[in-house]
$ cat query.tsv   # TSV, C-alpha atoms and all ligand atoms
chain	number	residue	atom	x	y	z
A	3	MET	CA	128.57	113.48	84.22
A	4	LEU	CA	128.71	113.35	88.02
A	5	ASP	CA	126.24	110.44	87.92
A	6	ALA	CA	128.55	108.52	85.57
A	7	PHE	CA	131.52	109.22	87.83
A	8	LEU	CA	129.65	108.12	90.95
A	9	ALA	CA	128.50	104.95	89.16
A	10	LEU	CA	132.16	103.94	88.90
A	11	LEU	CA	132.60	104.30	92.67
A	12	VAL	CA	129.21	103.05	93.86
A	13	PRO	CA	127.80	100.03	92.02
A	14	PRO	CA	124.25	100.86	90.87
A	15	ARG	CA	121.42	99.37	92.89
A	16	CYS	CA	117.73	98.82	92.22
A	17	LEU	CA	115.87	101.92	93.44
A	18	ALA	CA	113.00	99.78	94.74
A	19	CYS	CA	114.65	96.82	96.54
A	20	GLY	CA	118.35	97.76	96.73
A	21	VAL	CA	119.91	94.69	95.07
A	22	ALA	CA	122.77	95.29	92.62
A	23	ALA	CA	121.24	96.10	89.23
A	24	ARG	CA	122.42	97.49	85.93
A	25	ASP	CA	119.22	99.51	85.49
A	26	VAL	CA	117.18	101.71	87.86
A	27	LEU	CA	115.06	98.63	88.62
A	28	CYS	CA	116.26	95.02	88.92
A	29	ALA	CA	114.62	92.36	86.73
A	30	ALA	CA	112.29	91.23	89.55
A	31	CYS	CA	111.04	94.76	90.33
A	32	ARG	CA	110.67	95.51	86.63
A	33	ALA	CA	108.53	92.37	86.30
A	34	ALA	CA	106.44	93.57	89.27
A	35	LEU	CA	105.56	96.94	87.69
A	36	PRO	CA	101.75	97.39	87.92
A	37	TRP	CA	101.02	98.12	84.24
A	38	LEU	CA	97.66	99.70	83.48
A	39	ALA	CA	96.15	98.12	80.39
A	40	GLY	CA	92.77	98.95	78.87
A	41	ALA	CA	92.27	101.96	81.15
A	42	CYS	CA	89.53	104.58	80.67
A	43	PRO	CA	90.76	107.11	78.07
A	44	ARG	CA	89.33	110.04	80.08
A	45	CYS	CA	90.62	109.35	83.62
A	46	ALA	CA	93.29	106.62	83.10
A	47	LEU	CA	91.71	104.38	85.78
A	48	PRO	CA	91.10	100.68	85.13
A	49	ARG	CA	87.58	100.18	83.76
A	50	PRO	CA	84.82	100.30	84.83
A	51	CYS	CA	85.54	103.73	86.35
A	52	ALA	CA	81.86	104.82	86.50
A	53	PRO	CA	81.15	107.47	87.52
A	54	CYS	CA	84.22	108.61	85.57
A	55	PRO	CA	86.01	111.15	87.81
A	56	ALA	CA	87.23	113.04	84.74
A	57	ALA	CA	83.72	113.63	83.34
A	58	ARG	CA	83.65	117.13	84.83
A	59	GLN	CA	87.34	117.88	84.45
A	60	ALA	CA	88.73	120.18	81.80
A	61	PHE	CA	91.24	117.83	80.13
A	62	SER	CA	89.87	115.57	77.41
A	63	ALA	CA	92.09	112.51	77.87
A	64	ALA	CA	94.49	111.04	80.43
A	65	TRP	CA	97.24	108.47	80.06
A	66	ALA	CA	99.52	106.71	82.56
A	67	PRO	CA	101.58	103.55	81.94
A	68	VAL	CA	101.48	102.24	85.54
A	69	ALA	CA	99.50	102.35	88.78
A	70	TYR	CA	101.05	104.24	91.72
A	71	ASP	CA	102.05	101.16	93.66
A	72	GLY	CA	105.01	98.86	94.35
A	73	PRO	CA	108.26	99.69	92.49
A	74	THR	CA	106.53	102.65	90.79
A	75	ARG	CA	106.63	104.53	94.11
A	76	ALA	CA	110.42	104.15	94.31
A	77	LEU	CA	110.88	105.72	90.86
A	78	VAL	CA	108.53	108.61	91.69
A	79	HIS	CA	110.32	109.15	95.01
A	80	ALA	CA	113.76	109.19	93.32
A	81	LEU	CA	112.49	111.75	90.80
A	82	LYS	CA	110.71	113.94	93.36
A	83	PHE	CA	113.34	114.07	96.07
A	84	ARG	CA	116.61	113.40	94.27
A	85	ALA	CA	116.03	114.66	90.73
A	86	HIS	CA	117.23	111.19	89.68
A	87	LEU	CA	117.88	111.51	85.93
A	88	ALA	CA	118.04	107.79	85.14
A	89	ALA	CA	114.72	107.29	86.97
A	90	ALA	CA	113.19	110.19	85.02
A	91	ASP	CA	114.40	108.66	81.78
A	92	ALA	CA	113.02	105.20	82.62
A	93	MET	CA	109.67	106.77	83.50
A	94	ALA	CA	109.62	108.85	80.30
A	95	ALA	CA	110.36	105.72	78.23
A	96	GLN	CA	107.23	104.06	79.64
A	97	MET	CA	105.17	107.25	79.18
A	98	ALA	CA	106.21	107.57	75.53
A	99	VAL	CA	104.65	104.16	74.87
A	100	VAL	CA	101.18	105.22	76.11
A	101	LEU	CA	101.18	108.73	74.61
A	102	PRO	CA	98.98	108.18	71.53
A	103	ARG	CA	100.45	108.73	68.09
A	104	ASP	CA	97.06	108.94	66.39
A	105	GLY	CA	93.86	110.88	67.11
A	106	PRO	CA	93.76	114.62	67.87
A	107	LEU	CA	97.27	114.56	69.28
A	108	SER	CA	98.80	113.61	65.93
A	109	GLU	CA	96.62	116.11	64.06
A	110	ALA	CA	98.07	118.98	66.11
A	111	PRO	CA	101.60	119.80	64.90
A	112	LEU	CA	104.30	119.00	67.48
A	113	SER	CA	105.10	122.66	68.06
A	114	GLU	CA	101.40	123.49	68.57
A	115	ALA	CA	100.72	120.75	71.11
A	116	PRO	CA	103.84	120.89	73.26
A	117	LEU	CA	104.33	119.28	76.66
A	118	VAL	CA	103.33	121.63	79.49
A	119	PRO	CA	104.65	120.58	82.91
A	120	VAL	CA	102.34	120.98	85.91
A	121	PRO	CA	104.12	123.64	87.99
A	122	PHE	CA	105.55	122.92	91.41
A	123	ALA	CA	104.69	125.37	94.20
A	124	PRO	CA	107.38	128.09	94.07
A	125	ALA	CA	108.46	127.51	97.67
A	126	ARG	CA	109.03	123.80	97.01
A	127	ARG	CA	110.87	124.59	93.79
A	128	ARG	CA	113.15	126.99	95.65
A	129	ARG	CA	113.76	124.47	98.42
A	130	ARG	CA	114.56	121.55	96.10
A	131	GLY	CA	116.12	123.54	93.28
A	132	PHE	CA	114.23	121.70	90.53
A	133	ASP	CA	110.74	120.90	89.30
A	134	PRO	CA	110.01	117.13	88.97
A	135	ALA	CA	107.26	117.50	86.34
A	136	GLU	CA	109.56	119.65	84.21
A	137	LEU	CA	112.38	117.12	84.49
A	138	LEU	CA	109.98	114.38	83.37
A	139	ALA	CA	108.63	116.55	80.53
A	140	ARG	CA	112.19	117.17	79.26
A	141	ARG	CA	112.96	113.43	79.16
A	142	LEU	CA	109.61	112.78	77.42
A	143	SER	CA	110.37	115.57	74.97
A	144	ALA	CA	113.67	113.88	74.06
A	145	ARG	CA	111.71	110.72	73.19
A	146	THR	CA	108.68	112.21	71.41
A	147	GLY	CA	110.01	115.37	69.75
A	148	ARG	CA	107.30	117.46	71.42
A	149	PRO	CA	108.83	120.66	72.83
A	150	VAL	CA	108.40	121.67	76.48
A	151	VAL	CA	106.65	124.97	77.16
A	152	ARG	CA	106.59	126.25	80.76
A	153	CYS	CA	103.48	128.44	80.59
A	154	LEU	CA	101.80	127.66	83.91
A	155	ARG	CA	102.52	129.06	87.35
A	156	ARG	CA	101.03	128.50	90.76
A	157	THR	CA	99.00	131.57	91.74
A	158	ASP	CA	101.21	132.38	94.71
A	159	ASP	CA	103.84	133.03	92.03
A	160	ALA	CA	101.50	135.23	89.90
A	161	PRO	CA	102.15	138.92	89.26
A	162	ARG	CA	100.37	141.28	91.64
A	163	GLN	CA	99.09	143.74	89.03
A	164	VAL	CA	96.15	141.71	87.67
A	165	GLY	CA	92.62	143.08	88.19
A	166	ALA	CA	90.88	142.12	91.45
A	167	ALA	CA	88.16	139.98	89.79
A	168	ARG	CA	90.66	138.14	87.61
A	169	ALA	CA	93.04	137.68	90.53
A	170	ALA	CA	90.24	136.15	92.64
A	171	ARG	CA	89.28	133.76	89.84
A	172	LEU	CA	92.89	132.70	89.38
A	173	ARG	CA	93.38	132.12	93.09
A	174	THR	CA	90.45	129.72	93.21
A	175	ALA	CA	91.87	127.82	90.26
A	176	GLY	CA	95.28	127.66	91.99
A	177	VAL	CA	97.17	127.91	88.70
A	178	VAL	CA	97.63	130.67	86.12
A	179	ALA	CA	98.63	130.46	82.45
A	180	THR	CA	101.16	132.95	81.09
A	181	ASP	CA	100.91	134.71	77.74
A	182	ARG	CA	103.27	132.16	76.17
A	183	ALA	CA	100.52	129.51	76.26
A	184	PRO	CA	100.34	127.50	72.98
A	185	PRO	CA	97.11	126.80	70.98
A	186	ALA	CA	96.99	123.21	72.27
A	187	ALA	CA	98.84	121.41	75.04
A	188	VAL	CA	99.58	118.08	76.69
A	189	LEU	CA	99.92	118.38	80.48
A	190	VAL	CA	102.74	116.42	82.15
A	191	ASP	CA	102.99	115.38	85.81
A	192	ASP	CA	104.45	112.50	87.81
A	193	VAL	CA	101.32	111.15	89.54
A	194	HIS	CA	97.62	111.55	88.71
A	195	THR	CA	95.70	111.31	91.99
A	196	THR	CA	92.27	113.01	92.05
A	197	GLY	CA	92.92	114.95	88.86
A	198	ALA	CA	92.14	118.25	90.65
A	199	THR	CA	95.55	119.74	89.85
A	200	LEU	CA	95.41	118.63	86.21
A	201	ASP	CA	91.88	120.10	86.04
A	202	ALA	CA	93.09	123.44	87.49
A	203	CYS	CA	95.92	123.50	84.91
A	204	ALA	CA	93.56	122.69	82.02
A	205	ARG	CA	91.16	125.44	83.19
A	206	ALA	CA	93.98	127.96	83.46
A	207	LEU	CA	95.06	127.07	79.90
A	208	ALA	CA	91.44	127.30	78.64
A	209	SER	CA	91.17	130.82	80.15
A	210	VAL	CA	93.82	131.99	77.67
A	211	GLY	CA	92.40	129.99	74.75
A	212	THR	CA	94.55	126.84	74.92
A	213	ARG	CA	92.91	123.50	74.21
A	214	THR	CA	94.24	120.77	76.50
A	215	LEU	CA	94.46	117.61	74.44
A	216	GLY	CA	95.29	115.44	77.39
A	217	ALA	CA	97.23	114.84	80.56
A	218	ILE	CA	100.06	112.34	80.71
A	219	THR	CA	101.48	111.18	84.04
A	220	TYR	CA	103.85	108.37	84.89
A	221	ALA	CA	101.58	106.83	87.52
A	222	ARG	CA	97.87	106.75	88.34
A	223	THR	CA	96.57	106.35	91.89
A	224	VAL	CA	94.10	103.47	91.72
A	225	ARG	CA	91.49	103.36	94.48
A	226	SER	CA	91.39	100.01	96.21
A	227	ALA	CA	88.15	98.09	95.70
B	1	ZN	ZN	114.54	95.46	92.75
B	2	ZN	ZN	87.07	107.22	83.47

$ encode --input "query.tsv" --output "structure tokens" --more "lines below"
Ligand SMILES: [Zn+2]
Ligand SMILES: [Zn+2]
Amino acid sequence: MLDAFLALLVPPRCLACGVAARDVLCAACRAALPWLAGACPRCALPRPCAPCPAARQAFSAAWAPVAYDGPTRALVHALKFRAHLAAADAMAAQMAVVLPRDGPLSEAPLSEAPLVPVPFAPARRRRRGFDPAELLARRLSARTGRPVVRCLRRTDDAPRQVGAARAARLRTAGVVATDRAPPAAVLVDDVHTTGATLDACARALASVGTRTLGAITYARTVRSA
């Protein structure tokens, strides 16, 4: 509502280059989006990715519509630092296109393979007042019908009364799954860099019996050749 009101006062501008634009990106920046086509289904990098960095990671598939470069960075920045809803929606629209509708994902009922946002560190969440991955997951949920289940927490947010051995194991993983974890899940985050965080989330889910069907992010960091 406030966004709509402000749009009347301040003409909208392209988040990447600043020219007047009706959308979050102007036509030129939209045309410059670094789409990832024919990427590896495990790690989302352009092929060949050998050795595939996801081979030892606990999620079975990864998808991202664009590389983390150029105008993509402006959208991620607007989401991360300003909770920019229109940016989140534009990103979710592109993510919905690459989230597969067939394969194991379609065999799992929507409610059984919900979207699970990668949790923000509690201190950052408190400071910013929102969680970017959750915002993205909610916009993606609106487009795919998959519900959002917040069942992961960073370990510095974990309850104190877990056993010492279990607590130590969870601390190394960095993430803990709560008892609301579903039978299967699709992880959601804004950027896939090394995959270490997605791996920690998939391992935390596996420790409570959840199968991670995949990890969807808006952007993928592509190593320069
Ligand atoms: Zn632009
Ligand atoms: Zn790969």

$ closest_residue --input "query.tsv" --among "A:Arg44, A:Arg24, A:Arg126, A:His79" --to "Phe61 (chain A)" --atoms "only C-alpha atoms"
A:Arg44

$ closest_residue --input "query.tsv" --among "A:Leu112, A:Val118, A:Ala52, A:Ala95" --to "Arg145 (chain A)" --atoms "only C-alpha atoms"
A:Ala95

$ closest_residue --input "query.tsv" --among "A:Pro55, A:Pro134, A:Pro119, A:Pro48" --to "Leu77 (chain A)" --atoms "all atoms listed in the file"
A:Pro134

$ residues_near_ligand --input "query.tsv" --ligand "ligand ZN 2 (chain B)" --cutoff "10 Å" --atoms "all atoms listed in the file" --output "ChimeraX atom specification"
/A:41-57,63-64

$ residues_near_ligand --input "query.tsv" --ligand "ligand ZN 1 (chain B)" --cutoff "10 Å" --atoms "all atoms listed in the file" --output "compact mmCIF listing (two decimals) with C-alpha atoms, in the frame of the given file"
# COMPACT_ATOMS: atom_id res chain seq x y z
CA ARG A 15 121.42 99.37 92.89
CA CYS A 16 117.73 98.82 92.22
CA LEU A 17 115.87 101.92 93.44
CA ALA A 18 113.00 99.78 94.74
CA CYS A 19 114.65 96.82 96.54
CA GLY A 20 118.35 97.76 96.73
CA VAL A 21 119.91 94.69 95.07
CA ALA A 22 122.77 95.29 92.62
CA ALA A 23 121.24 96.10 89.23
CA ASP A 25 119.22 99.51 85.49
CA VAL A 26 117.18 101.71 87.86
CA LEU A 27 115.06 98.63 88.62
CA CYS A 28 116.26 95.02 88.92
CA ALA A 29 114.62 92.36 86.73
CA ALA A 30 112.29 91.23 89.55
CA CYS A 31 111.04 94.76 90.33
CA ARG A 32 110.67 95.51 86.63
CA ALA A 33 108.53 92.37 86.30
CA ALA A 34 106.44 93.57 89.27
CA PRO A 73 108.26 99.69 92.49
CA ALA A 76 110.42 104.15 94.31

$ residues_around --input "query.tsv" --residues "region 213-224 of chain A" --least-positions-apart "3" --cutoff "7 Å" --atoms "only C-alpha atoms" --output "list in words"
Ala46, Leu47, Phe61, Ser62, Ala63, Ala64, Trp65, Ala66, Pro67, Val68, Ala69, Tyr70, Met93, Met97, Leu107, Pro185, Ala186, Ala187, Val188, Leu189, Val190, Asp191, Asp192, Val193, His194, Thr195, Ala204 and Ala208 of chain A

$ residues_near_point --input "query.tsv" --point "(113.3, 116.7, 81.1)" --cutoff "12 Å" --atoms "only C-alpha atoms" --output "ChimeraX atom specification"
/A:81,85-95,117-119,132-152,190-192

$ atom_distance --input "query.tsv" --atom1 "CA of Leu207 (chain A)" --atom2 "CA of Pro111 (chain A)"
17.9 Å

$ atom_distance --input "query.tsv" --atom1 "CA of Pro102 (chain A)" --atom2 "CA of Trp37 (chain A)"
16.3 Å

$ closest_residue --input "query.tsv" --among "A:Cys153, A:Ala98, A:Lys82, A:Pro121" --to "Thr199 (chain A)" --atoms "only C-alpha atoms"
A:Pro121

$ decode --input "query.tsv" --residues "region 94-217 of chain A" --atoms "C-alpha atoms" --output "compact mmCIF listing (two decimals), in the first residue's frame"
# COMPACT_ATOMS: atom_id res chain seq x y z
CA ALA A 94 10.01 -15.23 -7.99
CA ALA A 95 8.43 -15.00 -11.47
CA GLN A 96 11.76 -16.04 -13.03
CA MET A 97 12.28 -18.78 -10.41
CA ALA A 98 8.83 -20.26 -11.05
CA VAL A 99 9.85 -20.83 -14.68
CA VAL A 100 12.86 -23.02 -13.75
CA LEU A 101 11.23 -24.92 -10.88
CA PRO A 102 10.42 -28.24 -12.60
CA ARG A 103 6.82 -29.33 -12.91
CA ASP A 104 7.71 -32.94 -13.66
CA GLY A 105 10.03 -35.48 -12.02
CA PRO A 106 10.13 -36.19 -8.27
CA LEU A 107 8.91 -32.70 -7.45
CA SER A 108 5.56 -33.26 -9.14
CA GLU A 109 5.21 -36.73 -7.62
CA ALA A 110 5.38 -35.26 -4.11
CA PRO A 111 2.07 -33.56 -3.23
CA LEU A 112 2.37 -29.77 -2.88
CA SER A 113 1.75 -29.88 0.86
CA GLU A 114 4.40 -32.60 1.32
CA ALA A 115 7.15 -30.81 -0.61
CA PRO A 116 6.71 -27.23 0.57
CA LEU A 117 9.18 -24.38 0.12
CA VAL A 118 11.60 -24.13 3.05
CA PRO A 119 13.46 -20.81 3.24
CA VAL A 120 17.14 -20.88 4.21
CA PRO A 121 17.16 -19.08 7.58
CA PHE A 122 18.90 -15.76 8.09
CA ALA A 123 21.18 -15.46 11.12
CA PRO A 124 18.94 -14.30 14.01
CA ALA A 125 21.02 -11.19 14.67
CA ARG A 126 20.70 -10.08 11.04
CA ARG A 127 16.99 -10.84 11.07
CA ARG A 128 16.55 -8.71 14.19
CA ARG A 129 18.61 -5.88 12.70
CA ARG A 130 16.77 -5.81 9.36
CA GLY A 131 13.36 -6.89 10.61
CA PHE A 132 12.79 -9.41 7.80
CA ASP A 133 14.26 -12.53 6.22
CA PRO A 134 15.03 -12.18 2.47
CA ALA A 135 14.78 -15.92 1.68
CA GLU A 136 11.40 -16.08 3.38
CA LEU A 137 10.14 -13.06 1.43
CA LEU A 138 11.26 -14.74 -1.80
CA ALA A 139 9.69 -18.07 -0.77
CA ARG A 140 6.35 -16.32 -0.10
CA ARG A 141 6.32 -14.73 -3.56
CA LEU A 142 7.28 -18.08 -5.13
CA SER A 143 4.55 -19.77 -3.11
CA ALA A 144 1.98 -17.35 -4.56
CA ARG A 145 3.06 -18.42 -8.06
CA THR A 146 3.47 -22.18 -7.57
CA GLY A 147 0.90 -23.08 -4.90
CA ARG A 148 3.61 -24.73 -2.78
CA PRO A 149 3.20 -23.67 0.87
CA VAL A 150 6.06 -22.11 2.85
CA VAL A 151 7.22 -23.98 5.95
CA ARG A 152 9.77 -22.26 8.21
CA CYS A 153 11.33 -25.33 9.84
CA LEU A 154 15.02 -24.40 9.87
CA ARG A 155 16.92 -22.22 12.30
CA ARG A 156 20.52 -21.16 12.60
CA THR A 157 22.11 -22.98 15.53
CA ASP A 158 22.79 -19.80 17.47
CA ASP A 159 18.99 -19.60 17.63
CA ALA A 160 18.59 -23.25 18.77
CA PRO A 161 17.15 -24.21 22.15
CA ARG A 162 19.74 -24.82 24.87
CA GLN A 163 18.25 -28.04 26.25
CA VAL A 164 19.42 -30.47 23.54
CA GLY A 165 21.90 -33.21 24.54
CA ALA A 166 25.60 -32.31 24.37
CA ALA A 167 26.44 -34.71 21.51
CA ARG A 168 23.46 -33.60 19.44
CA ALA A 169 24.18 -29.95 20.18
CA ALA A 170 27.78 -30.35 19.00
CA ARG A 171 26.66 -32.05 15.78
CA LEU A 172 24.13 -29.30 15.11
CA ARG A 173 26.68 -26.56 15.73
CA THR A 174 29.01 -28.01 13.11
CA ALA A 175 26.17 -28.14 10.62
CA GLY A 176 25.28 -24.50 11.43
CA VAL A 177 21.55 -25.11 10.93
CA VAL A 178 18.92 -27.09 12.83
CA ALA A 179 15.56 -28.45 11.67
CA THR A 180 12.55 -28.08 13.95
CA ASP A 181 9.95 -30.76 14.60
CA ARG A 182 7.61 -29.19 12.02
CA ALA A 183 9.85 -30.43 9.19
CA PRO A 184 7.81 -31.93 6.28
CA PRO A 185 8.50 -35.35 4.61
CA ALA A 186 10.07 -33.63 1.59
CA ALA A 187 11.21 -30.08 0.94
CA VAL A 188 12.45 -27.58 -1.63
CA LEU A 189 15.02 -25.17 -0.17
CA VAL A 190 14.74 -21.49 -1.16
CA ASP A 191 17.46 -18.83 -1.03
CA ASP A 192 18.43 -15.71 -2.97
CA VAL A 193 21.95 -16.65 -4.14
CA HIS A 194 23.67 -20.04 -4.49
CA THR A 195 27.40 -19.46 -3.99
CA THR A 196 29.42 -22.50 -2.80
CA GLY A 197 26.33 -24.47 -1.83
CA ALA A 198 27.69 -24.94 1.72
CA THR A 199 24.67 -23.28 3.33
CA LEU A 200 22.19 -25.23 1.19
CA ASP A 201 24.13 -28.40 2.07
CA ALA A 202 23.95 -27.60 5.81
CA CYS A 203 20.18 -27.02 5.47
CA ALA A 204 19.66 -30.28 3.54
CA ARG A 205 21.69 -32.18 6.18
CA ALA A 206 19.69 -30.63 9.01
CA LEU A 207 16.46 -31.67 7.25
CA ALA A 208 17.83 -35.21 6.62
CA SER A 209 18.62 -35.53 10.37
CA VAL A 210 14.87 -35.34 11.08
CA GLY A 211 13.90 -37.57 8.14
CA THR A 212 13.10 -34.94 5.49
CA ARG A 213 14.12 -35.63 1.91
CA THR A 214 15.37 -32.49 0.17
CA LEU A 215 14.15 -32.63 -3.40
CA GLY A 216 16.14 -29.63 -4.47
CA ALA A 217 17.34 -26.12 -3.85
